[in-house]
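Peer 1: Here you go, one structure.
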Number of protein chains: 2
Amino acid sequence: MKYLDLFSQRTTVRSYSDRTLSTADLDSLLKAASHAPTTGNMQLCTAVVTRERNEIELLAPYHFNQPCLHTAQAVITFCADVYRFERWCAVSNAKPDFRNLQSLLASFFDATIFAQQFCTLAELNGLGTCYLGTTTYNAAPIAKSLNLPEGVIPVLTVTVGYPAELTQTDAGRLPAEAVVHHSSYRHYTDSEICALYKEKESRPDSQQFIKDNNKETLAQVFTDIRYPGKTSDPFSVAFADFLNNAGFKGFESYSNE
Amino acid sequence: MKYLDLFSQRTTVRSYSDRTLSTADLDSLLKAASHAPTTGNMQLCTAVVTRERNEIELLAPYHFNQPCLHTAQAVITFCADVYRFERWCAVSNAKPDFRNLQSLLASFFDATIFAQQFCTLAELNGLGTCYLGTTTYNAAPIAKSLNLPEGVIPVLTVTVGYPAELTQTDAGRLPAEAVVHHSSYRHYTDSEICALYKEKESRPDSQQFIKDNNKETLAQVFTDIRYPGKTSDPFSVAFADFLNNAGFKGFESYSNE
């Protein structure tokens with residue numbers, strides 16, 4: 001098997017040089033990436049490109065001003081999009097019923113595959129990328145900022161630019177046997193779980209992370225500092241409200257809790 | 001920009017030769033693909049590999065016996081997985097609160113990116129792949145069949161094998177300007193929408209598709225035959241029930257409608 005180091009050698013790039021990424025080059029990458037596998041050949045996805053510095057700065061607070069935004073050559077908001085397909089139906093004497101959970105999932109998958117194909121092509125061309133997982137936290141204001149119609153849902157944002165420096169750091173992934181199961185899911189014993197996470201926990205950067213956050217274990221940094229329920233819950237409600245307001249069935253209950 | 005034909009030349013492969021894909025090669029691809037970008041470095045995803053013919057045949061009905069299953073060298077079910085992370089928290093004196101919509105979304109994105117990286121590497125090595133969008137239709141029975149614990153959600157299935165024949169067919173994607181917007185979303189006029197879909201509609205295979213389904217327009221084939229609400233709705237309820245039963249907050253209302 002070839003190309004096995006294509007992804008294992010990659011690293012997220014959060015700081016970019018001032019080397020220009022031309023609009024023509026960016027458009028070429030996006031066009032090439034748009035030939036992505038898609039549910040039923042429906043292409044329920046859209047990329048919105050933000051390049052002007054002032055427009056990027058308008059988006060920055062919704063992504064908690066992550067530093068990668070400030071040096072990026074472009075910020076691309078990948079969206080789940082049932083709107084365009086519905087518009088086509090409307091001019092084609094067809095009555096769509098796509099505001100349901102299954103169509104929503106299809107559009108999430110389409111948007112994510114499109115985003116990942118873009119990142120792969122960008123990185124093959126010497127660019128660096130960083131995913132912003134904050135997009136779904138602030139979907140409503142991002143949608144407003146980008147003038148998205150109802151039915152277009154921002155799901156993943158990617159910053160892109162030429163790397164400021166080549167930082168070839170190992171990201172500290174789990175061993176493959178943790179994420180690949182054969183025939184059926186291998187339910188873990190406590191000691192098996194400990195073994196799978198041992199290398200990750202013992203890394204110097206993990207140990208520093210625990211110390212910096214004044215915690216006992218690496219897992220506590222995730223549960224208490226980075227992803228506590230009290231933080232996730234209001235963002236979950238906000239995203240469900242956004243979907244509910246866009247007419248997606250089944251997202252009323254979050255709002256009513 | 002290089003490698004621009006990497007994805008535009010790809011095509012979904014639904015029929016495979018009897019050439020063996022060795023377990024070692026498949027594991028190498030999965031391992032390499034597992035170094036994927038992931039939310040907060042949490043890797044909320046898992047791949048379950050099904051290779052035995054009898055085990056593939058057990059999964060086949062849940063995917064409506066799509067032909068690609070019957071000649072595939074392997075069927076890989078990519079899952080959103082908060083369970084493994086929670087198990088790690090449990091042995092690390094940490095209290096996770098991950099059964100919410102935001103963590104669910106993160107796990108969907110992680111699983112999809114993992115799946116797409118696998119497909120890219122497989123195709124670079126001469127293999128063919130096909131995504132099965134039916135996975136979320138029958139998440140509960142697939143989860144049971146693969147012995148998935150609560151918190152592991154099958155989201156995308158990929159069949160893989162060496163192509164039976166090289167069918168380099170253009171998939172009929174929209175022009176890039178349909179899926180890429182600059183600065184803000186370009187709201188379409190009716191004539192703009194018609195123009196974007198014109199080439200797709202006028203393709204001979206689209207015209208045949210309309211005729212075979214006894215419809216007036218291509219959009220009607222999607223709305224009336226392939227993805228009507230009356231088909232999607234029960235599958236949406238079933239998936240929401242599956243999430244609700246696994247303790248994910250906010251999915252009660254689907255069940256109660």
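To be explicit about the labels: the chains of the structure tokens are called A, B, and onward in the order shown, and within each one the residues are counted from 1, while ligands get numbers from 1 in the order they are shown.
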Quick one: residues within 9 Å of Thr223 of chain A, only C-alpha atoms counted, chain neighbours fewer than 2 positions away excluded, as number ranges by chain?
Peer 2: A: 219-221, 225-229; B: 89, 94-98
Peer 1: I need the chosen residues saved as a compact mmCIF listing (two decimals), in the first residue's frame, with C-alpha atoms.
Peer 2:
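The result, stored in part-v5.txt:
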# COMPACT_ATOMS: atom_id res chain seq x y z
CA ALA A 219 -9.51 13.09 30.99
CA GLN A 220 -10.46 15.66 33.66
CA VAL A 221 -9.08 18.43 31.46
CA ILE A 225 -12.28 22.45 31.39
CA ARG A 226 -12.67 21.88 27.67
CA TYR A 227 -16.04 20.14 27.21
CA PRO A 228 -18.09 20.32 30.41
CA GLY A 229 -21.84 19.72 30.02
CA CYS B 89 -13.05 9.11 31.60
CA ALA B 94 -13.43 12.17 35.30
CA LYS B 95 -17.16 12.71 34.80
CA PRO B 96 -18.06 13.14 31.12
CA ASP B 97 -21.26 14.80 29.91
CA PHE B 98 -21.11 13.97 26.22
Peer 1: Counting only C-alpha atoms, collect the residues of chain A whose closest atom lies at most 6 Å from chain B, and write them out as a ChimeraX atom specification.
Peer 2: /A:4,7-8,31-32,35,46-50,88-89,94,96-97,101-102,146-148,176,179-185,193,219-220,223,229,236,250,253-254
Peer 1: Can you check which residues of segment 59-153 of chain B DSSP gives as helix (DSSP H, G or I) on the backbone and send them as a PyMOL selection string?
Peer 2: chain B and resi 59-63+68-71+83-90+101-124+139-145
Peer 1: Report, in Å to a single decimal, how far apart atom CA of Ala80 of chain B and atom CA of Val160 of chain B are.
Peer 2: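 It comes out at 20.0 Å.
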Peer 1: List the spatial neighbours of Phe64 of chain A as a PyMOL selection string - criterion: any atom at most 12 Å away, only C-alpha atoms, same-chain residues fewer than 2 positions off excluded.
Peer 2: chain A and resi 57-62+66-70+132-135+137-138
Peer 1: Tell me which protein, DNA and RNA residues are within 8 Å of Ala164 of chain B, counting only C-alpha atoms, leaving out same-chain ones fewer than 3 positions away, and put them as a list in words.
Peer 2: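 Residues near the query, excluding close chain neighbours: Ser15, Tyr16, Ser17 and Asp18 of chain B.
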Peer 1: Tell me, which residues of segment 66-186 of chain A carry DSSP strand (DSSP E or B), written as a list of chain:residue names?
Peer 2: A:Ala74, A:Val75, A:Ile76, A:Thr77, A:Phe78, A:Cys79, A:Ala80, A:Asp81, A:Gly128, A:Thr129, A:Cys130, A:Tyr131, A:Leu132, A:Val152, A:Ile153, A:Pro154, A:Val155, A:Leu156, A:Thr157, A:Val158, A:Thr159, A:Val160, A:Gly161, A:Pro163, A:Val180, A:His181, A:His182
Peer 1: Could you write those residues out with N, CA and C atoms, as a PDB file, in the first residue's frame?
Peer 2:
ATOM      1  N   ALA A  74      -7.593  32.642   3.860  1.00  0.00           N
ATOM      2  CA  ALA A  74      -9.034  32.509   3.629  1.00  0.00           C
ATOM      3  C   ALA A  74      -9.662  31.715   4.760  1.00  0.00           C
ATOM      4  N   VAL A  75     -10.912  32.034   5.032  1.00  0.00           N
ATOM      5  CA  VAL A  75     -11.714  31.296   6.002  1.00  0.00           C
ATOM      6  C   VAL A  75     -12.903  30.732   5.223  1.00  0.00           C
ATOM      7  N   ILE A  76     -13.054  29.440   5.267  1.00  0.00           N
ATOM      8  CA  ILE A  76     -14.104  28.803   4.463  1.00  0.00           C
ATOM      9  C   ILE A  76     -15.114  28.138   5.389  1.00  0.00           C
ATOM     10  N   THR A  77     -16.360  28.566   5.275  1.00  0.00           N
ATOM     11  CA  THR A  77     -17.422  27.996   6.084  1.00  0.00           C
ATOM     12  C   THR A  77     -18.152  26.943   5.254  1.00  0.00           C
ATOM     13  N   PHE A  78     -17.984  25.689   5.621  1.00  0.00           N
ATOM     14  CA  PHE A  78     -18.660  24.595   4.921  1.00  0.00           C
ATOM     15  C   PHE A  78     -20.037  24.400   5.557  1.00  0.00           C
ATOM     16  N   CYS A  79     -21.045  24.382   4.694  1.00  0.00           N
ATOM     17  CA  CYS A  79     -22.424  24.370   5.175  1.00  0.00           C
ATOM     18  C   CYS A  79     -23.179  23.156   4.649  1.00  0.00           C
ATOM     19  N   ALA A  80     -24.006  22.568   5.490  1.00  0.00           N
ATOM     20  CA  ALA A  80     -25.051  21.671   5.035  1.00  0.00           C
ATOM     21  C   ALA A  80     -26.088  22.537   4.328  1.00  0.00           C
ATOM     22  N   ASP A  81     -26.592  22.086   3.189  1.00  0.00           N
ATOM     23  CA  ASP A  81     -27.434  22.978   2.381  1.00  0.00           C
ATOM     24  C   ASP A  81     -28.560  22.188   1.706  1.00  0.00           C
ATOM     25  N   GLY A 128      -1.455  24.925   4.624  1.00  0.00           N
ATOM     26  CA  GLY A 128      -1.812  24.390   5.924  1.00  0.00           C
ATOM     27  C   GLY A 128      -3.266  24.710   6.220  1.00  0.00           C
ATOM     28  N   THR A 129      -3.913  23.833   6.967  1.00  0.00           N
ATOM     29  CA  THR A 129      -5.328  24.048   7.292  1.00  0.00           C
ATOM     30  C   THR A 129      -5.572  23.820   8.777  1.00  0.00           C
ATOM     31  N   CYS A 130      -6.659  24.413   9.248  1.00  0.00           N
ATOM     32  CA  CYS A 130      -7.098  24.177  10.624  1.00  0.00           C
ATOM     33  C   CYS A 130      -8.621  24.148  10.637  1.00  0.00           C
ATOM     34  N   TYR A 131      -9.185  23.078  11.154  1.00  0.00           N
ATOM     35  CA  TYR A 131     -10.642  23.013  11.343  1.00  0.00           C
ATOM     36  C   TYR A 131     -11.029  23.793  12.595  1.00  0.00           C
ATOM     37  N   LEU A 132     -12.107  24.570  12.510  1.00  0.00           N
ATOM     38  CA  LEU A 132     -12.663  25.225  13.690  1.00  0.00           C
ATOM     39  C   LEU A 132     -13.941  24.492  14.088  1.00  0.00           C
ATOM     40  N   VAL A 152     -29.695  26.463   5.068  1.00  0.00           N
ATOM     41  CA  VAL A 152     -28.235  26.376   4.914  1.00  0.00           C
ATOM     42  C   VAL A 152     -27.641  26.488   6.317  1.00  0.00           C
ATOM     43  N   ILE A 153     -26.907  25.468   6.721  1.00  0.00           N
ATOM     44  CA  ILE A 153     -26.471  25.328   8.107  1.00  0.00           C
ATOM     45  C   ILE A 153     -24.954  25.262   8.168  1.00  0.00           C
ATOM     46  N   PRO A 154     -24.310  26.282   8.745  1.00  0.00           N
ATOM     47  CA  PRO A 154     -22.850  26.233   8.856  1.00  0.00           C
ATOM     48  C   PRO A 154     -22.438  25.109   9.803  1.00  0.00           C
ATOM     49  N   VAL A 155     -21.554  24.230   9.361  1.00  0.00           N
ATOM     50  CA  VAL A 155     -21.185  23.091  10.209  1.00  0.00           C
ATOM     51  C   VAL A 155     -19.687  23.001  10.516  1.00  0.00           C
ATOM     52  N   LEU A 156     -18.845  23.357   9.561  1.00  0.00           N
ATOM     53  CA  LEU A 156     -17.405  23.259   9.788  1.00  0.00           C
ATOM     54  C   LEU A 156     -16.717  24.445   9.122  1.00  0.00           C
ATOM     55  N   THR A 157     -15.761  25.030   9.797  1.00  0.00           N
ATOM     56  CA  THR A 157     -14.995  26.123   9.212  1.00  0.00           C
ATOM     57  C   THR A 157     -13.534  25.698   9.115  1.00  0.00           C
ATOM     58  N   VAL A 158     -12.927  26.063   7.994  1.00  0.00           N
ATOM     59  CA  VAL A 158     -11.519  25.731   7.769  1.00  0.00           C
ATOM     60  C   VAL A 158     -10.758  27.022   7.496  1.00  0.00           C
ATOM     61  N   THR A 159      -9.667  27.228   8.213  1.00  0.00           N
ATOM     62  CA  THR A 159      -8.762  28.329   7.873  1.00  0.00           C
ATOM     63  C   THR A 159      -7.633  27.750   7.032  1.00  0.00           C
ATOM     64  N   VAL A 160      -7.155  28.546   6.080  1.00  0.00           N
ATOM     65  CA  VAL A 160      -6.129  28.041   5.156  1.00  0.00           C
ATOM     66  C   VAL A 160      -5.111  29.131   4.831  1.00  0.00           C
ATOM     67  N   GLY A 161      -3.886  28.718   4.620  1.00  0.00           N
ATOM     68  CA  GLY A 161      -2.817  29.629   4.244  1.00  0.00           C
ATOM     69  C   GLY A 161      -1.511  28.846   4.170  1.00  0.00           C
ATOM     70  N   PRO A 163       1.943  27.748   5.586  1.00  0.00           N
ATOM     71  CA  PRO A 163       2.397  27.677   6.984  1.00  0.00           C
ATOM     72  C   PRO A 163       3.459  28.723   7.311  1.00  0.00           C
ATOM     73  N   VAL A 180     -10.172   0.785  15.407  1.00  0.00           N
ATOM     74  CA  VAL A 180     -10.583  -0.211  14.409  1.00  0.00           C
ATOM     75  C   VAL A 180     -10.949  -1.510  15.122  1.00  0.00           C
ATOM     76  N   HIS A 181     -12.149  -1.988  14.841  1.00  0.00           N
ATOM     77  CA  HIS A 181     -12.615  -3.245  15.421  1.00  0.00           C
ATOM     78  C   HIS A 181     -12.903  -4.228  14.295  1.00  0.00           C
ATOM     79  N   HIS A 182     -12.719  -5.497  14.557  1.00  0.00           N
ATOM     80  CA  HIS A 182     -12.973  -6.508  13.529  1.00  0.00           C
ATOM     81  C   HIS A 182     -14.178  -7.370  13.904  1.00  0.00           C
TER      82      HIS A 182
END
Peer 1: What gap, in Å, lies between atom CA of Arg14 of chain B and atom CA of Pro204 of chain B?
Peer 2: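 It comes out at 20.6 Å.
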Peer 1: In Å, rounded to a single decimal, give me how far atom CA of Leu243 of chain B is from atom CA of Ser107 of chain B.
Peer 2: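 Spanning atom CA of Ser107 of chain B to atom CA of Leu243 of chain B is a straight-line distance of 12.8 Å.
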